[in-house]
$ cat model.cif   # mmCIF, C-alpha atoms
data_target
#
loop_
_atom_site.group_PDB
_atom_site.id
_atom_site.type_symbol
_atom_site.label_atom_id
_atom_site.label_comp_id
_atom_site.auth_asym_id
_atom_site.auth_seq_id
_atom_site.Cartn_x
_atom_site.Cartn_y
_atom_site.Cartn_z
ATOM 1 C CA MET A 1 -16.090 7.166 -6.790
ATOM 2 C CA VAL A 2 -12.717 5.448 -7.198
ATOM 3 C CA ILE A 3 -9.797 5.981 -4.816
ATOM 4 C CA ASP A 4 -6.344 4.818 -5.810
ATOM 5 C CA ALA A 5 -5.036 3.780 -2.395
ATOM 6 C CA HIS A 6 -1.396 3.456 -3.443
ATOM 7 C CA VAL A 7 0.607 6.010 -5.432
ATOM 8 C CA HIS A 8 4.107 7.420 -5.052
ATOM 9 C CA PHE A 9 5.519 10.889 -5.660
ATOM 10 C CA TRP A 10 9.175 11.884 -5.597
ATOM 11 C CA ARG A 11 11.816 14.395 -6.568
ATOM 12 C CA TYR A 12 14.256 11.982 -8.078
ATOM 13 C CA ALA A 13 17.886 11.776 -7.012
ATOM 14 C CA GLU A 14 19.797 8.542 -7.517
ATOM 15 C CA ALA A 15 21.251 8.563 -4.004
ATOM 16 C CA ASP A 16 17.786 8.949 -2.467
ATOM 17 C CA TYR A 17 16.099 6.128 -4.382
ATOM 18 C CA PRO A 18 18.696 3.360 -4.823
ATOM 19 C CA TRP A 19 15.963 0.776 -5.403
ATOM 20 C CA ILE A 20 15.172 2.429 -8.746
ATOM 21 C CA ASP A 21 17.812 0.552 -10.712
ATOM 22 C CA VAL A 22 18.936 0.914 -14.321
ATOM 23 C CA ALA A 23 16.242 -1.494 -15.510
ATOM 24 C CA MET A 24 13.667 0.962 -14.129
ATOM 25 C CA GLY A 25 15.059 3.831 -16.171
ATOM 26 C CA THR A 26 11.645 5.320 -16.954
ATOM 27 C CA LEU A 27 11.154 5.996 -13.234
ATOM 28 C CA ARG A 28 14.352 8.027 -12.929
ATOM 29 C CA ARG A 29 12.718 11.435 -13.002
ATOM 30 C CA ASP A 30 10.473 13.541 -10.801
ATOM 31 C CA ARG A 31 6.952 12.227 -10.315
ATOM 32 C CA THR A 32 4.317 14.622 -9.008
ATOM 33 C CA MET A 33 0.567 15.077 -8.962
ATOM 34 C CA ALA A 34 0.886 17.041 -12.190
ATOM 35 C CA ASP A 35 2.043 13.822 -13.871
ATOM 36 C CA LEU A 36 -0.666 11.690 -12.295
ATOM 37 C CA THR A 37 -3.590 14.060 -12.922
ATOM 38 C CA PRO A 38 -4.191 13.324 -16.628
ATOM 39 C CA VAL A 39 -3.919 9.554 -16.275
ATOM 40 C CA MET A 40 -6.208 9.581 -13.234
ATOM 41 C CA ALA A 41 -8.773 11.545 -15.212
ATOM 42 C CA GLY A 42 -8.498 9.185 -18.162
ATOM 43 C CA ALA A 43 -8.987 6.168 -15.912
ATOM 44 C CA GLY A 44 -11.959 7.600 -14.031
ATOM 45 C CA VAL A 45 -10.078 7.747 -10.730
ATOM 46 C CA ASP A 46 -11.176 10.524 -8.395
ATOM 47 C CA ALA A 47 -8.617 10.636 -5.593
ATOM 48 C CA CYS A 48 -5.520 8.931 -4.245
ATOM 49 C CA VAL A 49 -3.444 8.121 -1.186
ATOM 50 C CA ALA A 50 0.266 8.978 -1.417
ATOM 51 C CA VAL A 51 2.582 6.349 0.077
ATOM 52 C CA GLN A 52 6.199 6.774 1.134
ATOM 53 C CA ALA A 53 8.986 5.386 -1.041
ATOM 54 C CA ARG A 54 11.965 6.687 0.929
ATOM 55 C CA GLN A 55 12.802 6.143 4.598
ATOM 56 C CA THR A 56 13.090 9.763 5.723
ATOM 57 C CA LEU A 57 11.005 12.231 7.662
ATOM 58 C CA ALA A 58 11.870 14.772 4.971
ATOM 59 C CA GLU A 59 9.951 12.757 2.390
ATOM 60 C CA THR A 60 6.957 12.496 4.719
ATOM 61 C CA THR A 61 6.985 16.269 5.155
ATOM 62 C CA ALA A 62 7.223 16.768 1.387
ATOM 63 C CA LEU A 63 4.282 14.449 0.732
ATOM 64 C CA LEU A 64 2.178 16.280 3.305
ATOM 65 C CA ALA A 65 3.059 19.562 1.612
ATOM 66 C CA GLN A 66 1.884 18.184 -1.733
ATOM 67 C CA ALA A 67 -1.344 16.960 -0.160
ATOM 68 C CA ALA A 68 -1.967 20.416 1.278
ATOM 69 C CA LEU A 69 -1.934 21.805 -2.267
ATOM 70 C CA ASP A 70 -4.251 19.263 -3.902
ATOM 71 C CA PRO A 71 -7.363 17.828 -2.223
ATOM 72 C CA ARG A 72 -7.321 14.852 -4.587
ATOM 73 C CA ILE A 73 -4.444 13.559 -2.454
ATOM 74 C CA ARG A 74 -6.821 12.475 0.297
ATOM 75 C CA GLY A 75 -4.119 11.258 2.656
ATOM 76 C CA VAL A 76 -0.445 10.418 3.119
ATOM 77 C CA VAL A 77 1.113 7.186 4.363
ATOM 78 C CA GLY A 78 4.478 8.421 5.565
ATOM 79 C CA TRP A 79 7.499 7.050 7.359
ATOM 80 C CA ALA A 80 8.844 7.538 10.868
ATOM 81 C CA PRO A 81 11.804 5.977 12.704
ATOM 82 C CA LEU A 82 9.753 3.485 14.678
ATOM 83 C CA SER A 83 12.824 2.022 16.379
ATOM 84 C CA SER A 84 13.801 5.420 17.790
ATOM 85 C CA PRO A 85 13.531 5.887 21.569
ATOM 86 C CA ASP A 86 11.853 9.220 20.763
ATOM 87 C CA ILE A 87 9.122 7.714 18.589
ATOM 88 C CA THR A 88 6.233 8.763 20.851
ATOM 89 C CA GLU A 89 7.211 12.417 20.556
ATOM 90 C CA ILE A 90 7.908 12.069 16.824
ATOM 91 C CA LEU A 91 4.477 10.559 16.218
ATOM 92 C CA ALA A 92 2.792 13.278 18.249
ATOM 93 C CA GLY A 93 4.393 15.906 16.047
ATOM 94 C CA LEU A 94 3.532 14.168 12.786
ATOM 95 C CA ALA A 95 -0.060 13.449 13.797
ATOM 96 C CA ARG A 96 -0.789 17.162 14.124
ATOM 97 C CA ASP A 97 -1.228 17.175 10.339
ATOM 98 C CA HIS A 98 -4.593 15.535 9.650
ATOM 99 C CA ARG A 99 -3.415 14.590 6.164
ATOM 100 C CA LEU A 100 -1.136 11.948 7.657
ATOM 101 C CA VAL A 101 -3.284 8.814 7.715
ATOM 102 C CA GLY A 102 -0.731 6.060 8.222
ATOM 103 C CA LEU A 103 2.881 4.940 8.273
ATOM 104 C CA ARG A 104 4.938 2.383 6.385
ATOM 105 C CA HIS A 105 8.415 0.924 6.621
ATOM 106 C CA VAL A 106 9.999 -0.845 3.643
ATOM 107 C CA VAL A 107 10.227 -4.107 5.557
ATOM 108 C CA GLN A 108 10.682 -6.030 2.305
ATOM 109 C CA ASP A 109 14.239 -4.661 2.034
ATOM 110 C CA GLU A 110 15.299 -5.588 5.562
ATOM 111 C CA PRO A 111 17.824 -8.472 5.517
ATOM 112 C CA ASP A 112 16.451 -10.108 8.669
ATOM 113 C CA PRO A 113 13.186 -11.909 7.816
ATOM 114 C CA ARG A 114 12.078 -11.379 11.436
ATOM 115 C CA PHE A 115 12.726 -7.627 11.418
ATOM 116 C CA LEU A 116 9.067 -6.960 12.229
ATOM 117 C CA LEU A 117 9.563 -8.712 15.570
ATOM 118 C CA HIS A 118 12.646 -6.776 16.727
ATOM 119 C CA SER A 119 11.995 -5.354 20.187
ATOM 120 C CA ALA A 120 12.693 -1.718 19.300
ATOM 121 C CA PHE A 121 10.420 -1.915 16.252
ATOM 122 C CA GLN A 122 7.738 -3.573 18.371
ATOM 123 C CA ARG A 123 7.848 -0.642 20.793
ATOM 124 C CA GLY A 124 7.382 1.725 17.867
ATOM 125 C CA ILE A 125 4.336 -0.154 16.612
ATOM 126 C CA ALA A 126 2.890 -0.110 20.131
ATOM 127 C CA ALA A 127 3.316 3.678 20.103
ATOM 128 C CA LEU A 128 1.652 3.829 16.684
ATOM 129 C CA ALA A 129 -1.321 1.896 18.049
ATOM 130 C CA ARG A 130 -1.898 4.696 20.553
ATOM 131 C CA THR A 131 -2.540 7.086 17.654
ATOM 132 C CA ASP A 132 -5.304 7.017 15.037
ATOM 133 C CA LEU A 133 -2.828 6.146 12.269
ATOM 134 C CA ALA A 134 -2.957 3.013 10.113
ATOM 135 C CA TRP A 135 -0.065 0.728 9.211
ATOM 136 C CA ASP A 136 0.882 -0.406 5.698
ATOM 137 C CA LEU A 137 2.491 -3.849 5.813
ATOM 138 C CA LEU A 138 5.025 -4.341 2.996
ATOM 139 C CA VAL A 139 6.548 -7.819 3.039
ATOM 140 C CA ARG A 140 7.919 -10.490 0.719
ATOM 141 C CA PRO A 141 7.625 -14.295 1.044
ATOM 142 C CA PRO A 142 10.630 -14.689 3.417
ATOM 143 C CA GLN A 143 8.834 -12.366 5.875
ATOM 144 C CA TRP A 144 5.397 -13.963 5.672
ATOM 145 C CA ALA A 145 5.779 -16.073 8.808
ATOM 146 C CA ALA A 146 6.881 -13.078 10.874
ATOM 147 C CA ALA A 147 3.991 -11.046 9.447
ATOM 148 C CA LEU A 148 1.474 -13.503 10.913
ATOM 149 C CA GLU A 149 3.039 -13.238 14.353
ATOM 150 C CA PHE A 150 3.299 -9.465 13.981
ATOM 151 C CA ALA A 151 -0.416 -9.150 13.193
ATOM 152 C CA ASP A 152 -1.244 -11.291 16.229
ATOM 153 C CA ARG A 153 0.931 -9.242 18.567
ATOM 154 C CA HIS A 154 -0.694 -6.009 17.399
ATOM 155 C CA SER A 155 -4.310 -7.068 16.986
ATOM 156 C CA GLY A 156 -5.518 -3.589 17.911
ATOM 157 C CA GLN A 157 -3.598 -1.893 15.105
ATOM 158 C CA ARG A 158 -5.305 -1.328 11.741
ATOM 159 C CA MET A 159 -3.080 -2.830 9.034
ATOM 160 C CA VAL A 160 -3.307 -3.202 5.289
ATOM 161 C CA LEU A 161 -1.187 -5.651 3.319
ATOM 162 C CA ASP A 162 0.426 -3.941 0.344
ATOM 163 C CA HIS A 163 0.549 -5.699 -3.034
ATOM 164 C CA LEU A 164 -1.022 -8.928 -1.697
ATOM 165 C CA GLY A 165 2.236 -9.676 0.118
ATOM 166 C CA LYS A 166 4.275 -9.669 -3.118
ATOM 167 C CA PRO A 167 3.704 -13.296 -4.176
ATOM 168 C CA ASP A 168 6.189 -14.786 -6.621
ATOM 169 C CA ILE A 169 3.811 -14.731 -9.576
ATOM 170 C CA ARG A 170 6.611 -15.043 -12.100
ATOM 171 C CA ALA A 171 7.680 -18.394 -10.611
ATOM 172 C CA GLY A 172 4.124 -19.657 -10.163
ATOM 173 C CA GLY A 173 4.016 -19.359 -6.393
ATOM 174 C CA LEU A 174 0.231 -19.516 -6.091
ATOM 175 C CA ALA A 175 -0.102 -22.508 -3.755
ATOM 176 C CA ALA A 176 2.211 -21.239 -1.009
ATOM 177 C CA TRP A 177 0.714 -17.763 -1.222
ATOM 178 C CA ARG A 178 -2.868 -19.101 -1.094
ATOM 179 C CA ALA A 179 -2.150 -20.928 2.172
ATOM 180 C CA TRP A 180 -0.497 -17.891 3.743
ATOM 181 C CA ILE A 181 -3.034 -15.305 2.626
ATOM 182 C CA GLY A 182 -5.817 -17.492 4.007
ATOM 183 C CA GLU A 183 -4.102 -17.491 7.395
ATOM 184 C CA LEU A 184 -3.467 -13.755 7.358
ATOM 185 C CA ALA A 185 -7.064 -12.991 6.428
ATOM 186 C CA GLN A 186 -8.185 -14.645 9.670
ATOM 187 C CA ARG A 187 -6.709 -11.644 11.501
ATOM 188 C CA GLY A 188 -9.613 -9.217 11.554
ATOM 189 C CA ASN A 189 -7.372 -6.168 11.968
ATOM 190 C CA VAL A 190 -5.754 -6.759 8.556
ATOM 191 C CA SER A 191 -7.085 -5.521 5.208
ATOM 192 C CA VAL A 192 -5.565 -6.028 1.764
ATOM 193 C CA LYS A 193 -4.595 -3.859 -1.201
ATOM 194 C CA ILE A 194 -5.107 -5.244 -4.682
ATOM 195 C CA SER A 195 -2.062 -3.545 -6.133
ATOM 196 C CA GLY A 196 1.455 -4.073 -7.415
ATOM 197 C CA LEU A 197 0.825 -7.408 -9.120
ATOM 198 C CA VAL A 198 2.202 -6.793 -12.602
ATOM 199 C CA THR A 199 5.701 -6.164 -11.289
ATOM 200 C CA GLU A 200 5.582 -9.410 -9.295
ATOM 201 C CA ALA A 201 4.863 -11.224 -12.549
ATOM 202 C CA ASP A 202 7.034 -10.602 -15.607
ATOM 203 C CA PRO A 203 6.332 -6.951 -16.496
ATOM 204 C CA ALA A 204 7.079 -7.715 -20.145
ATOM 205 C CA ALA A 205 5.137 -10.976 -20.430
ATOM 206 C CA TRP A 206 2.247 -11.094 -17.948
ATOM 207 C CA SER A 207 -1.408 -11.725 -18.706
ATOM 208 C CA PRO A 208 -4.657 -10.872 -16.916
ATOM 209 C CA GLU A 209 -5.372 -14.600 -16.655
ATOM 210 C CA GLN A 210 -2.122 -15.015 -14.724
ATOM 211 C CA LEU A 211 -3.143 -12.383 -12.155
ATOM 212 C CA SER A 212 -6.850 -13.162 -11.809
ATOM 213 C CA PRO A 213 -6.495 -16.120 -9.393
ATOM 214 C CA TYR A 214 -4.568 -13.943 -6.935
ATOM 215 C CA VAL A 215 -7.249 -11.262 -6.982
ATOM 216 C CA ASP A 216 -10.099 -13.751 -6.670
ATOM 217 C CA ILE A 217 -8.447 -15.561 -3.758
ATOM 218 C CA ALA A 218 -7.719 -12.284 -1.951
ATOM 219 C CA LEU A 219 -11.287 -11.049 -2.375
ATOM 220 C CA ASP A 220 -12.682 -14.358 -1.151
ATOM 221 C CA ALA A 221 -10.292 -14.518 1.821
ATOM 222 C CA PHE A 222 -10.709 -10.960 3.077
ATOM 223 C CA GLY A 223 -14.202 -10.275 1.810
ATOM 224 C CA ALA A 224 -15.360 -7.174 0.019
ATOM 225 C CA GLN A 225 -15.292 -5.137 3.248
ATOM 226 C CA ARG A 226 -11.539 -5.542 3.840
ATOM 227 C CA ALA A 227 -10.148 -5.021 0.342
ATOM 228 C CA MET A 228 -9.123 -1.839 -1.453
ATOM 229 C CA VAL A 229 -7.430 -1.057 -4.752
ATOM 230 C CA GLY A 230 -4.226 0.709 -5.676
ATOM 231 C CA SER A 231 -2.086 1.203 -8.747
ATOM 232 C CA ASP A 232 1.432 1.436 -7.309
ATOM 233 C CA TRP A 233 1.917 4.293 -9.800
ATOM 234 C CA PRO A 234 4.419 5.075 -11.244
ATOM 235 C CA VAL A 235 6.079 1.701 -10.544
ATOM 236 C CA CYS A 236 3.171 -0.084 -12.229
ATOM 237 C CA THR A 237 4.001 1.642 -15.526
ATOM 238 C CA LEU A 238 6.999 -0.658 -15.887
ATOM 239 C CA GLY A 239 4.483 -3.247 -17.053
ATOM 240 C CA VAL A 240 1.009 -1.764 -17.475
ATOM 241 C CA ALA A 241 -0.594 1.560 -18.340
ATOM 242 C CA TYR A 242 -2.467 3.222 -15.495
ATOM 243 C CA GLY A 243 -5.790 3.183 -17.332
ATOM 244 C CA ARG A 244 -5.403 -0.461 -18.289
ATOM 245 C CA TRP A 245 -4.792 -1.412 -14.651
ATOM 246 C CA PHE A 246 -8.073 0.154 -13.587
ATOM 247 C CA GLU A 247 -9.867 -1.542 -16.486
ATOM 248 C CA LEU A 248 -8.648 -4.831 -15.032
ATOM 249 C CA ILE A 249 -9.674 -3.802 -11.518
ATOM 250 C CA ARG A 250 -13.211 -3.037 -12.652
ATOM 251 C CA GLY A 251 -13.361 -6.349 -14.487
ATOM 252 C CA TRP A 252 -12.234 -8.278 -11.421
ATOM 253 C CA CYS A 253 -14.845 -6.468 -9.333
ATOM 254 C CA ALA A 254 -17.673 -7.177 -11.778
ATOM 255 C CA ARG A 255 -18.712 -10.318 -9.861
ATOM 256 C CA LEU A 256 -19.376 -8.253 -6.734
ATOM 257 C CA THR A 257 -22.643 -6.578 -5.831
ATOM 258 C CA ALA A 258 -22.928 -2.839 -6.412
ATOM 259 C CA ASP A 259 -22.421 -2.139 -2.704
ATOM 260 C CA GLU A 260 -19.404 -4.437 -2.580
ATOM 261 C CA ARG A 261 -17.856 -2.748 -5.626
ATOM 262 C CA ASP A 262 -18.325 0.661 -4.029
ATOM 263 C CA ALA A 263 -16.622 -0.612 -0.896
ATOM 264 C CA VAL A 264 -13.626 -2.069 -2.735
ATOM 265 C CA LEU A 265 -13.210 0.876 -5.113
ATOM 266 C CA SER A 266 -13.476 3.645 -2.530
ATOM 267 C CA GLY A 267 -15.401 3.011 0.671
ATOM 268 C CA ASN A 268 -12.916 0.701 2.351
ATOM 269 C CA ALA A 269 -9.947 2.987 1.716
ATOM 270 C CA THR A 270 -11.960 5.918 3.045
ATOM 271 C CA ARG A 271 -12.918 4.044 6.201
ATOM 272 C CA PHE A 272 -9.578 2.311 6.793
ATOM 273 C CA TYR A 273 -7.465 5.444 6.409
ATOM 274 C CA ARG A 274 -10.056 7.748 8.024
ATOM 275 C CA LEU A 275 -10.049 9.908 4.898
ATOM 276 C CA PRO A 276 -12.224 13.040 4.667
ATOM 277 C CA GLY A 277 -15.861 12.015 4.717
ATOM 278 C CA ALA A 278 -15.266 8.788 6.644
ATOM 279 C CA ALA A 279 -17.573 7.884 9.505
ATOM 280 C CA ARG A 280 -15.695 7.773 12.817
#
$ encode --input "model.cif" --output "structure tokens"
Amino acid sequence: MVIDAHVHFWRYAEADYPWIDVAMGTLRRDRTMADLTPVMAGAGVDACVAVQARQTLAETTALLAQAALDPRIRGVVGWAPLSSPDITEILAGLARDHRLVGLRHVVQDEPDPRFLLHSAFQRGIAALARTDLAWDLLVRPPQWAAALEFADRHSGQRMVLDHLGKPDIRAGGLAAWRAWIGELAQRGNVSVKISGLVTEADPAAWSPEQLSPYVDIALDAFGAQRAMVGSDWPVCTLGVAYGRWFELIRGWCARLTADERDAVLSGNATRFYRLPGAAR
């Protein structure tokens, strides 16, 4: 069993997805499960988790509707206005759909590197912690320091770090990232997604050897019981074919025991997100 813990779906409109710039022209069209199905099958991937890419409740509702139509979408990581004074009621409404397994905010695009620590956002995360929903942590290097404090303040909230924290692979930022990821991994409430690395390198000129140290360090820091895998499809296709990415994933996991591989490839995502079949 392999679960891709990080895919995106959208009905493309330029105004809705301004982050998809001209250089990402191949992404400027609708992306649905119908597009993902053949490449999943070719890569030997059995199921996926759909993750928000737009900061609207409408997108969350649309993703849940897609998940209702296809059981291979095991869960949805949506978005909610966590800084809203009505967030408790909003979360209660969203959580009625069992397909919603977590929330994410595109913190990486916030201009204030300490956005995670804003008081209104903190209240929203406290409300989230009173639900059974997980939190996807999406940050860049300027936000790493705040992310450590954030994880400490919310030690009871399950969190997973998307894309290894988006290290600056292109510029050779391994040393700074290694120190930070080691600190973050000491927070037992935080897991990690091995995903999104090719686009943090040079999508046109990366190599597996360039990425391998990041994966090895993450696996060693978090252990095989707090790591999961994701493609970041379709964004990953800017630099790597879906099937090739999962070939690399399996290669990186070859040093693990069979039980550890099963955990990284599917078991941890199932447990972390409380997907169907997970032990409670």
$ resolve_selection --input "model.cif" --expression "the PyMOL selection byres ((chain A and resi 25-31) around 12)" --output "number ranges by chain"
A: 7-24, 32-37, 50, 53, 63, 66, 233-239
$ closest_residue --input "model.cif" --among "A:Gly102, A:Pro71, A:Pro213, A:Gly243" --to "Ala175 in chain A" --atoms "all atoms listed in the file"
A:Pro213
$ atom_distance --input "model.cif" --atom1 "CA of Trp180 in chain A" --atom2 "CA of Val2 in chain A"
28.5 Å
$ closest_residue --input "model.cif" --among "A:Val240, A:Ile125, A:Ile3, A:Leu256" --to "Ala269 in chain A" --atoms "all atoms listed in the file"
A:Ile3
$ atom_distance --input "model.cif" --atom1 "CA of Phe222 in chain A" --atom2 "CA of Gln143 in chain A"
19.8 Å
$ build_atoms --input "model.cif" --residues "range 256-267 of chain A" --atoms "N, CA and C atoms" --output "compact mmCIF listing (two decimals), keeping the file's coordinate frame"
# COMPACT_ATOMS: atom_id res chain seq x y z
N LEU A 256 -18.89 -8.74 -8.02
CA LEU A 256 -19.38 -8.25 -6.73
C LEU A 256 -20.71 -7.55 -6.89
N THR A 257 -21.43 -7.39 -5.80
CA THR A 257 -22.64 -6.58 -5.83
C THR A 257 -22.25 -5.11 -5.96
N ALA A 258 -23.21 -4.27 -6.27
CA ALA A 258 -22.93 -2.84 -6.41
C ALA A 258 -22.36 -2.27 -5.12
N ASP A 259 -22.92 -2.64 -3.99
CA ASP A 259 -22.42 -2.14 -2.70
C ASP A 259 -21.01 -2.64 -2.44
N GLU A 260 -20.75 -3.89 -2.78
CA GLU A 260 -19.40 -4.44 -2.58
C GLU A 260 -18.39 -3.74 -3.48
N ARG A 261 -18.77 -3.47 -4.72
CA ARG A 261 -17.86 -2.75 -5.63
C ARG A 261 -17.54 -1.37 -5.08
N ASP A 262 -18.55 -0.67 -4.60
CA ASP A 262 -18.32 0.66 -4.03
C ASP A 262 -17.36 0.58 -2.85
N ALA A 263 -17.51 -0.45 -2.05
CA ALA A 263 -16.62 -0.61 -0.90
C ALA A 263 -15.19 -0.83 -1.35
N VAL A 264 -14.98 -1.74 -2.29
CA VAL A 264 -13.63 -2.07 -2.74
C VAL A 264 -12.99 -0.90 -3.48
N LEU A 265 -13.76 -0.19 -4.28
CA LEU A 265 -13.21 0.88 -5.11
C LEU A 265 -12.99 2.18 -4.36
N SER A 266 -13.69 2.38 -3.25
CA SER A 266 -13.48 3.64 -2.53
C SER A 266 -13.83 3.59 -1.05
N GLY A 267 -14.91 2.94 -0.70
CA GLY A 267 -15.40 3.01 0.67
C GLY A 267 -14.45 2.44 1.69
